[in-house]
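Novice: Sharing entry-v6.pdb, PDB, C-alpha atoms and all ligand atoms:
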```
MODEL        1
ATOM      1  CA  MET V   1      -3.707  -0.399   5.281
ATOM      2  CA  GLU V   2      -5.637  -0.143   8.559
ATOM      3  CA  LEU V   3      -6.772  -3.745   8.232
ATOM      4  CA  LEU V   4      -3.212  -4.876   7.530
ATOM      5  CA  LYS V   5      -1.959  -3.024  10.612
ATOM      6  CA  GLU V   6      -4.602  -4.750  12.693
ATOM      7  CA  LEU V   7      -3.686  -8.181  11.275
ATOM      8  CA  VAL V   8      -0.010  -7.708  12.162
ATOM      9  CA  LYS V   9      -0.855  -6.297  15.583
ATOM     10  CA  THR V  10      -2.967  -9.347  16.388
ATOM     11  CA  GLY V  11      -0.421 -11.756  14.924
ATOM     12  CA  LYS V  12      -2.479 -13.174  12.048
ATOM     13  CA  ALA V  13       0.367 -14.423   9.871
ATOM     14  CA  LYS V  14      -1.539 -16.096   7.049
ATOM     15  CA  GLU V  15      -4.049 -13.255   6.736
ATOM     16  CA  THR V  16      -1.202 -10.723   6.799
ATOM     17  CA  ALA V  17       0.442 -12.412   3.814
ATOM     18  CA  GLU V  18      -2.907 -12.529   1.979
ATOM     19  CA  ARG V  19      -3.633  -8.864   2.676
ATOM     20  CA  VAL V  20      -0.175  -7.823   1.453
ATOM     21  CA  THR V  21      -0.759  -9.798  -1.747
ATOM     22  CA  ASP V  22      -4.131  -8.073  -2.148
ATOM     23  CA  LEU V  23      -2.678  -4.605  -1.653
ATOM     24  CA  LEU V  24       0.105  -5.276  -4.157
ATOM     25  CA  GLU V  25      -2.470  -6.482  -6.670
ATOM     26  CA  LYS V  26      -4.442  -3.294  -6.087
ATOM     27  CA  GLY V  27      -1.348  -1.325  -7.054
ATOM     28  CA  GLU V  28       0.023  -0.261  -3.652
ATOM     29  CA  SER V  29       3.810  -0.012  -3.672
ATOM     30  CA  PRO V  30       5.922  -2.284  -1.456
ATOM     31  CA  GLU V  31       7.416   0.835   0.174
ATOM     32  CA  ALA V  32       3.973   2.234   1.035
ATOM     33  CA  ILE V  33       2.897  -1.089   2.523
ATOM     34  CA  MET V  34       5.984  -1.133   4.732
ATOM     35  CA  GLN V  35       5.891   2.526   5.740
ATOM     36  CA  ASN V  36       2.145   2.841   6.247
ATOM     37  CA  ALA V  37       1.259  -0.531   7.709
ATOM     38  CA  LEU V  38       3.960  -3.049   8.623
ATOM     39  CA  ILE V  39       6.408  -0.754  10.419
ATOM     40  CA  PRO V  40       3.740   1.325  12.242
ATOM     41  CA  ALA V  41       2.104  -1.936  13.377
ATOM     42  CA  MET V  42       5.297  -2.922  15.162
ATOM     43  CA  ASP V  43       5.404   0.502  16.829
ATOM     44  CA  ILE V  44       1.900  -0.072  18.156
ATOM     45  CA  VAL V  45       2.943  -3.508  19.409
ATOM     46  CA  GLY V  46       5.937  -1.928  21.175
ATOM     47  CA  ASP V  47       3.682   0.648  22.833
ATOM     48  CA  LEU V  48       1.251  -2.044  23.980
ATOM     49  CA  PHE V  49       4.175  -3.989  25.439
ATOM     50  CA  GLN V  50       5.422  -0.915  27.256
ATOM     51  CA  GLN V  51       1.937  -0.276  28.658
ATOM     52  CA  GLY V  52       1.815  -3.839  29.991
ATOM     53  CA  GLU V  53      -1.023  -4.863  27.665
ATOM     54  CA  TYR V  54       1.170  -7.139  25.543
ATOM     55  CA  TYR V  55       3.737  -9.637  26.753
ATOM     56  CA  VAL V  56       6.613 -11.305  24.881
ATOM     57  CA  PRO V  57       4.396 -13.988  23.247
ATOM     58  CA  GLU V  58       2.174 -11.303  21.689
ATOM     59  CA  MET V  59       5.266  -9.467  20.421
ATOM     60  CA  LEU V  60       6.538 -12.716  18.948
ATOM     61  CA  VAL V  61       3.370 -13.586  17.028
ATOM     62  CA  ALA V  62       3.145 -10.024  15.739
ATOM     63  CA  ALA V  63       6.770 -10.240  14.578
ATOM     64  CA  ARG V  64       5.982 -13.543  12.871
ATOM     65  CA  ALA V  65       3.031 -11.990  11.072
ATOM     66  CA  MET V  66       5.194  -9.084   9.949
ATOM     67  CA  GLN V  67       7.790 -11.520   8.626
ATOM     68  CA  HIS V  68       5.126 -13.350   6.609
ATOM     69  CA  GLY V  69       4.158 -10.009   5.066
ATOM     70  CA  LEU V  70       7.786  -9.176   4.311
ATOM     71  CA  GLU V  71       8.284 -12.510   2.539
ATOM     72  CA  ILE V  72       5.673 -11.434  -0.008
ATOM     73  CA  ILE V  73       7.241  -8.010  -0.484
ATOM     74  CA  LYS V  74      10.843  -9.174  -0.659
ATOM     75  CA  PRO V  75      10.949 -10.333  -4.309
ATOM     76  CA  LYS V  76       9.449  -6.986  -5.369
ATOM     77  CA  LEU V  77      12.213  -5.056  -3.659
ATOM     78  CA  ILE V  78      15.071  -7.114  -4.953
ATOM     79  CA  ASP V  79      16.070  -6.598  -8.515
ATOM     80  CA  SER V  80      17.755  -9.849  -9.456
ATOM     81  CA  GLY V  81      20.439 -10.240 -12.048
ATOM     82  CA  ILE V  82      22.537  -7.192 -11.236
ATOM     83  CA  GLU V  83      26.275  -7.567 -10.712
ATOM     84  CA  PRO V  84      27.186  -7.130  -7.026
ATOM     85  CA  ILE V  85      28.366  -3.565  -6.433
ATOM     86  CA  GLY V  86      30.023  -4.405  -3.123
ATOM     87  CA  LYS V  87      29.899  -6.563  -0.025
ATOM     88  CA  VAL V  88      28.290  -5.914   3.345
ATOM     89  CA  VAL V  89      28.567  -7.967   6.532
ATOM     90  CA  VAL V  90      25.396  -7.542   8.585
ATOM     91  CA  GLY V  91      24.364  -8.657  12.055
ATOM     92  CA  THR V  92      22.408  -7.871  15.196
ATOM     93  CA  VAL V  93      24.886  -7.415  18.016
ATOM     94  CA  LYS V  94      25.577  -9.724  20.948
ATOM     95  CA  GLY V  95      22.726 -10.309  23.368
ATOM     96  CA  ASP V  96      20.108  -8.979  20.966
ATOM     97  CA  LEU V  97      17.590 -11.189  19.168
ATOM     98  CA  HIS V  98      15.635  -8.523  17.244
ATOM     99  CA  ASP V  99      16.080  -9.100  13.546
ATOM    100  CA  ILE V 100      13.229  -7.445  11.648
ATOM    101  CA  GLY V 101      15.033  -4.118  11.253
ATOM    102  CA  LYS V 102      18.235  -5.904  10.291
ATOM    103  CA  ASN V 103      16.331  -7.936   7.712
ATOM    104  CA  LEU V 104      14.924  -4.748   6.203
ATOM    105  CA  VAL V 105      18.445  -3.352   5.932
ATOM    106  CA  VAL V 106      19.481  -6.605   4.215
ATOM    107  CA  MET V 107      16.593  -6.317   1.757
ATOM    108  CA  ALA V 108      17.417  -2.701   0.926
ATOM    109  CA  LEU V 109      21.069  -3.609   0.353
ATOM    110  CA  GLU V 110      20.200  -6.646  -1.752
ATOM    111  CA  GLY V 111      17.861  -4.439  -3.737
ATOM    112  CA  ALA V 112      20.772  -2.074  -4.409
ATOM    113  CA  GLY V 113      22.886  -4.961  -5.702
ATOM    114  CA  PHE V 114      25.077  -5.736  -2.702
ATOM    115  CA  GLU V 115      26.317  -9.186  -1.796
ATOM    116  CA  ILE V 116      25.295  -9.780   1.817
ATOM    117  CA  ILE V 117      26.923 -11.864   4.491
ATOM    118  CA  ASP V 118      24.201 -12.049   7.130
ATOM    119  CA  LEU V 119      25.570 -13.256  10.458
ATOM    120  CA  GLY V 120      22.109 -13.313  12.048
ATOM    121  CA  THR V 121      21.355 -12.224  15.606
ATOM    122  CA  ASP V 122      23.298 -12.291  18.883
ATOM    123  CA  VAL V 123      26.566 -11.859  16.983
ATOM    124  CA  ALA V 124      29.657 -11.543  19.178
ATOM    125  CA  PRO V 125      32.385  -8.989  18.362
ATOM    126  CA  GLU V 126      34.800 -11.815  17.471
ATOM    127  CA  GLN V 127      32.349 -13.163  14.905
ATOM    128  CA  PHE V 128      32.233  -9.780  13.183
ATOM    129  CA  VAL V 129      36.040  -9.670  13.203
ATOM    130  CA  GLU V 130      36.277 -13.178  11.691
ATOM    131  CA  ALA V 131      33.762 -12.282   8.985
ATOM    132  CA  ILE V 132      35.690  -9.105   8.052
ATOM    133  CA  LYS V 133      38.889 -11.165   7.712
ATOM    134  CA  LYS V 134      37.150 -13.820   5.673
ATOM    135  CA  TYR V 135      34.988 -11.726   3.341
ATOM    136  CA  ASN V 136      36.772  -8.358   3.160
ATOM    137  CA  PRO V 137      33.499  -6.347   2.975
ATOM    138  CA  ASP V 138      33.159  -2.656   2.080
ATOM    139  CA  VAL V 139      30.813  -2.052   4.994
ATOM    140  CA  VAL V 140      29.840  -3.716   8.268
ATOM    141  CA  ALA V 141      26.267  -3.017   9.428
ATOM    142  CA  LEU V 142      25.385  -3.412  13.102
ATOM    143  CA  SER V 143      21.844  -3.421  14.445
ATOM    144  CA  ALA V 144      20.668  -3.153  18.087
ATOM    145  CA  LEU V 145      17.168  -2.698  19.500
ATOM    146  CA  LEU V 146      17.857  -2.675  23.230
ATOM    147  CA  THR V 147      19.463   0.078  25.260
ATOM    148  CA  THR V 148      21.467  -2.669  26.976
ATOM    149  CA  THR V 149      22.833  -4.215  23.770
ATOM    150  CA  MET V 150      23.784  -0.867  22.217
ATOM    151  CA  LEU V 151      26.931  -1.196  24.288
ATOM    152  CA  ALA V 152      27.901  -4.315  22.341
ATOM    153  CA  MET V 153      28.294  -2.009  19.327
ATOM    154  CA  LYS V 154      31.077  -0.234  21.168
ATOM    155  CA  ASP V 155      32.703  -3.596  21.996
ATOM    156  CA  THR V 156      32.420  -4.643  18.365
ATOM    157  CA  LEU V 157      34.096  -1.460  17.130
ATOM    158  CA  GLU V 158      36.866  -1.937  19.672
ATOM    159  CA  ALA V 159      37.394  -5.545  18.595
ATOM    160  CA  ILE V 160      37.620  -4.450  14.948
ATOM    161  CA  LYS V 161      40.181  -1.811  15.929
ATOM    162  CA  GLU V 162      42.214  -4.264  18.026
ATOM    163  CA  ALA V 163      42.316  -6.711  15.135
ATOM    164  CA  GLY V 164      43.908  -3.938  13.034
ATOM    165  CA  LEU V 165      40.961  -3.882  10.609
ATOM    166  CA  ARG V 166      39.446  -0.482  11.370
ATOM    167  CA  ASP V 167      40.932   1.173   8.274
ATOM    168  CA  LYS V 168      39.761  -1.616   6.011
ATOM    169  CA  VAL V 169      36.054  -1.283   6.559
ATOM    170  CA  LYS V 170      33.333   1.308   7.167
ATOM    171  CA  VAL V 171      31.020   0.629  10.077
ATOM    172  CA  MET V 172      27.394   1.752  10.047
ATOM    173  CA  ILE V 173      24.993   1.339  12.929
ATOM    174  CA  GLY V 174      21.251   1.571  13.444
ATOM    175  CA  GLY V 175      18.250   0.432  15.431
ATOM    176  CA  ALA V 176      15.496   2.152  17.390
ATOM    177  CA  PRO V 177      17.542   3.302  20.439
ATOM    178  CA  ILE V 178      20.527   4.548  18.396
ATOM    179  CA  GLN V 179      21.212   8.211  17.730
ATOM    180  CA  GLN V 180      23.888  10.175  15.933
ATOM    181  CA  ALA V 181      25.519  11.227  19.212
ATOM    182  CA  PHE V 182      26.045   7.582  20.155
ATOM    183  CA  ALA V 183      27.566   6.811  16.768
ATOM    184  CA  ASP V 184      29.961   9.745  17.248
ATOM    185  CA  GLU V 185      30.808   8.611  20.763
ATOM    186  CA  ILE V 186      31.796   5.097  19.729
ATOM    187  CA  GLY V 187      33.453   6.180  16.473
ATOM    188  CA  ALA V 188      31.109   4.555  13.960
ATOM    189  CA  ASP V 189      31.345   5.916  10.423
ATOM    190  CA  PHE V 190      27.613   6.291   9.943
ATOM    191  CA  TYR V 191      24.296   6.179  11.784
ATOM    192  CA  GLY V 192      21.203   5.444   9.719
ATOM    193  CA  PRO V 193      17.683   5.997  11.043
ATOM    194  CA  ASP V 194      16.280   3.560   8.476
ATOM    195  CA  SER V 195      17.208   0.973   5.887
ATOM    196  CA  THR V 196      17.157   3.504   3.042
ATOM    197  CA  ALA V 197      19.772   5.662   4.759
ATOM    198  CA  GLY V 198      21.869   2.531   5.323
ATOM    199  CA  ARG V 199      21.594   1.549   1.695
ATOM    200  CA  ASN V 200      22.600   5.045   0.552
ATOM    201  CA  PHE V 201      25.648   5.091   2.803
ATOM    202  CA  ALA V 202      26.757   1.627   1.616
ATOM    203  CA  ARG V 203      26.281   2.691  -1.993
ATOM    204  CA  GLU V 204      28.335   5.854  -1.530
ATOM    205  CA  THR V 205      31.071   3.858   0.204
ATOM    206  CA  ALA V 206      31.258   1.103  -2.406
ATOM    207  CA  THR V 207      31.268   3.487  -5.346
ATOM    208  CA  ALA V 208      33.650   6.055  -3.799
TER     209      ALA V 208
HETATM  210  C1  LIG Y   1       9.126  -7.526  17.767
HETATM  211  C2  LIG Y   1       9.814  -7.179  19.054
HETATM  212  C3  LIG Y   1      10.390  -8.227  19.778
HETATM  213  C4  LIG Y   1      10.461  -9.670  19.253
HETATM  214  C5  LIG Y   1      11.597  -9.710  18.184
HETATM  215  C6  LIG Y   1      11.301 -10.705  17.079
HETATM  216  C7  LIG Y   1      12.276 -10.545  15.945
HETATM  217  N1  LIG Y   1      12.385 -11.607  15.188
HETATM  218  O1  LIG Y   1      12.898  -9.510  15.711
HETATM  219  C8  LIG Y   1      10.788 -10.473  20.545
HETATM  220  C9  LIG Y   1       9.499 -10.981  21.114
HETATM  221  C10 LIG Y   1      11.767 -11.634  20.378
HETATM  222  C11 LIG Y   1      11.319  -9.363  21.466
HETATM  223  C12 LIG Y   1      12.022  -9.650  22.617
HETATM  224  C13 LIG Y   1      12.427  -8.696  23.535
HETATM  225  N2  LIG Y   1      12.151  -7.394  23.498
HETATM  226 CO1  LIG Y   1      11.413  -6.519  21.946
HETATM  227  N3  LIG Y   1      10.439  -5.553  20.696
HETATM  228  C14 LIG Y   1       9.861  -5.823  19.524
HETATM  229  C15 LIG Y   1       9.188  -4.574  18.907
HETATM  230  C16 LIG Y   1       7.679  -4.648  19.216
HETATM  231  C17 LIG Y   1       9.341  -4.356  17.412
HETATM  232  C18 LIG Y   1      10.764  -4.321  16.893
HETATM  233  C19 LIG Y   1      10.720  -4.253  15.393
HETATM  234  O2  LIG Y   1      10.841  -5.268  14.731
HETATM  235  N4  LIG Y   1      10.444  -3.053  14.838
HETATM  236  C20 LIG Y   1      10.254  -2.853  13.414
HETATM  237  C21 LIG Y   1      11.611  -2.643  12.744
HETATM  238  C22 LIG Y   1      11.403  -2.454  11.234
HETATM  239  O3  LIG Y   1      12.195  -1.471  13.251
HETATM  240  P1  LIG Y   1      13.715  -1.375  13.732
HETATM  241  O4  LIG Y   1      14.205  -2.684  14.187
HETATM  242  O5  LIG Y   1      13.857  -0.197  14.606
HETATM  243  O6  LIG Y   1      14.502  -1.105  12.368
HETATM  244  C23 LIG Y   1      14.387   0.096  11.635
HETATM  245  C24 LIG Y   1      15.449   1.149  11.990
HETATM  246  O7  LIG Y   1      15.769   1.170  13.362
HETATM  247  C25 LIG Y   1      16.575   0.828  11.090
HETATM  248  N5  LIG Y   1      17.642  -0.087  11.490
HETATM  249  C26 LIG Y   1      17.632  -1.165  12.310
HETATM  250  N6  LIG Y   1      18.829  -1.734  12.373
HETATM  251  C27 LIG Y   1      19.640  -1.031  11.569
HETATM  252  C28 LIG Y   1      20.988  -1.176  11.258
HETATM  253  C29 LIG Y   1      21.594  -0.275  10.381
HETATM  254  C30 LIG Y   1      23.032  -0.442  10.037
HETATM  255  C31 LIG Y   1      20.832   0.795   9.820
HETATM  256  C32 LIG Y   1      21.480   1.755   8.907
HETATM  257  C33 LIG Y   1      19.474   0.935  10.139
HETATM  258  C34 LIG Y   1      18.891   0.028  10.998
HETATM  259  O8  LIG Y   1      15.971   0.278   9.913
HETATM  260  C35 LIG Y   1      14.657  -0.231  10.199
HETATM  261  C36 LIG Y   1      13.600   0.438   9.337
HETATM  262  O9  LIG Y   1      13.984   0.822   8.121
HETATM  263  C37 LIG Y   1       9.914  -3.429  19.683
HETATM  264  C38 LIG Y   1       9.147  -2.102  19.770
HETATM  265  C39 LIG Y   1       9.620  -1.069  18.765
HETATM  266  N7  LIG Y   1       8.764  -0.150  18.468
HETATM  267  O10 LIG Y   1      10.746  -1.105  18.290
HETATM  268  C40 LIG Y   1      10.196  -4.100  21.020
HETATM  269  C41 LIG Y   1      11.371  -3.628  21.953
HETATM  270  C42 LIG Y   1      12.571  -3.283  21.055
HETATM  271  N8  LIG Y   1      11.639  -4.809  22.771
HETATM  272  C43 LIG Y   1      11.898  -4.480  23.964
HETATM  273  C44 LIG Y   1      12.198  -5.419  24.995
HETATM  274  C45 LIG Y   1      12.319  -4.867  26.403
HETATM  275  C46 LIG Y   1      12.382  -6.800  24.713
HETATM  276  C47 LIG Y   1      12.770  -7.901  25.709
HETATM  277  C48 LIG Y   1      13.898  -7.514  26.693
HETATM  278  C49 LIG Y   1      11.480  -8.335  26.443
HETATM  279  C50 LIG Y   1      11.655  -9.359  27.542
HETATM  280  N9  LIG Y   1      11.324  -8.922  28.724
HETATM  281  O11 LIG Y   1      12.083 -10.453  27.319
HETATM  282  C51 LIG Y   1      13.202  -9.056  24.768
HETATM  283  C52 LIG Y   1      14.712  -9.037  24.473
HETATM  284  C53 LIG Y   1      15.152 -10.232  23.702
HETATM  285  C54 LIG Y   1      16.582 -10.060  23.198
HETATM  286  N10 LIG Y   1      17.555 -10.561  23.945
HETATM  287  O12 LIG Y   1      16.799  -9.438  22.170
HETATM  288  C55 LIG Y   1      11.881  -2.968  24.194
HETATM  289  C56 LIG Y   1      13.289  -2.375  24.310
HETATM  290  C57 LIG Y   1      13.405  -1.346  25.402
HETATM  291  C58 LIG Y   1      14.787  -0.767  25.455
HETATM  292  N11 LIG Y   1      14.833   0.534  25.342
HETATM  293  O13 LIG Y   1      15.772  -1.426  25.546
HETATM  294  C59 LIG Y   1      11.018  -2.470  22.962
HETATM  295  C60 LIG Y   1      11.374  -1.046  22.488
HETATM  296  C61 LIG Y   1       9.531  -2.531  23.397
HETATM  297  C62 LIG Y   1       9.150  -1.448  24.400
HETATM  298  N12 LIG Y   1       8.521  -0.382  23.942
HETATM  299  O14 LIG Y   1       9.429  -1.577  25.578
HETATM  300  N13 LIG Y   1      10.984  -8.165  21.059
ENDMDL
END
```
What's the structure tokens form of this structure?
Specialist:
Amino acid sequence: MELLKELVKTGKAKETAERVTDLLEKGESPEAIMQNALIPAMDIVGDLFQQGEYYVPEMLVAARAMQHGLEIIKPKLIDSGIEPIGKVVVGTVKGDLHDIGKNLVVMALEGAGFEIIDLGTDVAPEQFVEAIKKYNPDVVALSALLTTTMLAMKDTLEAIKEAGLRDKVKVMIGGAPIQQAFADEIGADFYGPDSTAGRNFARETATA
């Protein structure tokens, strides 16, 4: 696990994928690989960035390495062949390009049998509104990683309300800077600290 952390931290994409394959073959679980290596590696990268030791390019190559690792894990997390149990529209809010956390939420939801409409990153409030009209999802999941873009979550909730759709859909939010108090303040239905919490909320909503 330590080696894998180091490989992600230093942005070695190919070696990261190989190491993940190795660990899986040795019997490590996908969850353990994520929780004990991939996610902590990104925390270290964030700290190095904050300390001025890493710049954006280093963050980018580390993120790329992490994504290569996730590609290997993904098929193990997703149980194919189950009937969709509900629909979720997912996106990172306007102005925000971070998508690793969002992608983990997508994987967890896919693994639980949800049909996902992934709007990607930098998604404007109007795009969320259009997607709700078009796909009629059970849940909308918003992700934000910047203290500045958190505010776009508020705008998105307001746009959903203005479009008269607030009663039709549950809204869950998450991302490193988000806390329960913020979710309460903007009137989101749920705040999830991680993808598992998000999956559980979506499951409860769809099966309620
Ligand atoms: C990788 C990274 C990048 C990459 C992103 C690549 C990509 N494809 O995502 C790049 C290089 C593009 C980037 C750019 C920037 N970044 Co950046 N980045 C990071 C870093 C190192 C890791 C983020 C990450 O992927 N974490 C791993 C994932 C798994 O965690 P997560 O996203 O939090 O998701 C988990 C939970 O939060 C939750 N979750 C997430 N979303 C949701 C949604 C729902 C509904 C639910 C239920 C749960 C949930 O589930 C996940 C786990 O299960 C963080 C540091 C950090 N520790 O977060 C900084 C960080 C987020 N970045 C930061 C900054 C400042 C920037 C830039 C402004 C830098 C610059 N000067 O240009 C730009 C902004 C670009 C933009 N407009 O978005 C700061 C933010 C500071 C702040 N408080 O606002 C951080 C915290 C670094 C730091 N310590 O200073 N960054």
Novice: With only C-alpha atoms and all ligand atoms counted, collect every polymer residue having an atom within 7 Å of ligand LIG 1 (chain Y); state the result as a ChimeraX atom specification.
Specialist: /V:39,42-47,49-50,56-57,59-60,62-63,95-102,104-105,141-148,172-177,191-198
Novice: Would you compute the distance between atom CA of V:Tyr55 and atom CA of V:Ile73? Give it in Å to one decimal.
Specialist: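 Interatomic distance here is 27.5 Å.
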Novice: Do a neighbour search on stretch 109-116 of chain V at 8 Å with all atoms listed in the file, toss out local chain neighbours closer than 4 positions, and write the hits as a list in words.
Specialist: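 So the residues in contact are Leu77, Ile78, Asp79, Ser80, Ile82, Glu83, Pro84, Ile85, Gly86, Lys87, Val88, Val89, Val90, Val105, Gly198, Arg199, Ala202 and Arg203 of chain V.
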Novice: If you count only C-alpha atoms, which residues fall within 12 Å of V:Asp167, apart from same-chain ones fewer than 4 positions away, as an MDAnalysis selection string?
Specialist: chainID V and resid 132 136:139 157 160:163 171 188:189
Novice: Work out how far atom CA of V:Lys94 is from atom CA of V:Gln35, in Å to one decimal.
Specialist: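 We find that atom CA of V:Gln35 and atom CA of V:Lys94 lie 27.7 Å from each other.
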Novice: Calculate how many Å separate atom CA of V:Arg19 from atom CA of V:Gly120, rounding to one decimal.
Specialist: 27.8 Å
Novice: Have a look at V:Met107, V:Val129, V:Met34, V:Met66 and name the one nearest to V:Val169; count only C-alpha atoms.
Specialist: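 Selected residue with least distance to V:Val169: V:Val129.
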Novice: Once the PyMOL selection byres (((chain V and resi 186) around 9) and not hetatm) has been evaluated on this model, what residues remain selected, and can you format them as an MDAnalysis selection string?
Specialist: chainID V and resid 153:154 157:158 181:185 187:188
Novice: Quick one: of V:Thr205, V:Gln127, V:Thr149, V:Thr10, who's nearest to V:Glu58, counting all atoms listed in the file?
Specialist: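 Closest residue, counting all atoms listed in the file: V:Thr10.
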Novice: List the residues sitting within 8 Å of (-3.8, 0.7, 10.4) in the file's frame, using all atoms listed in the file, as a PyMOL selection string.
Specialist: chain V and resi 1-6+36-37+40-41
Novice: Take every atom of stretch 35-42 of chain V listed in the file, fit an axis-aligned box around them, add 4 Å per side, and give the centre and edge lengths in Å to one decimal as JSON.
Specialist:
```
{"center_x": 3.8, "center_y": -0.1, "center_z": 10.5, "size_x": 13.1, "size_y": 13.9, "size_z": 17.4}
```
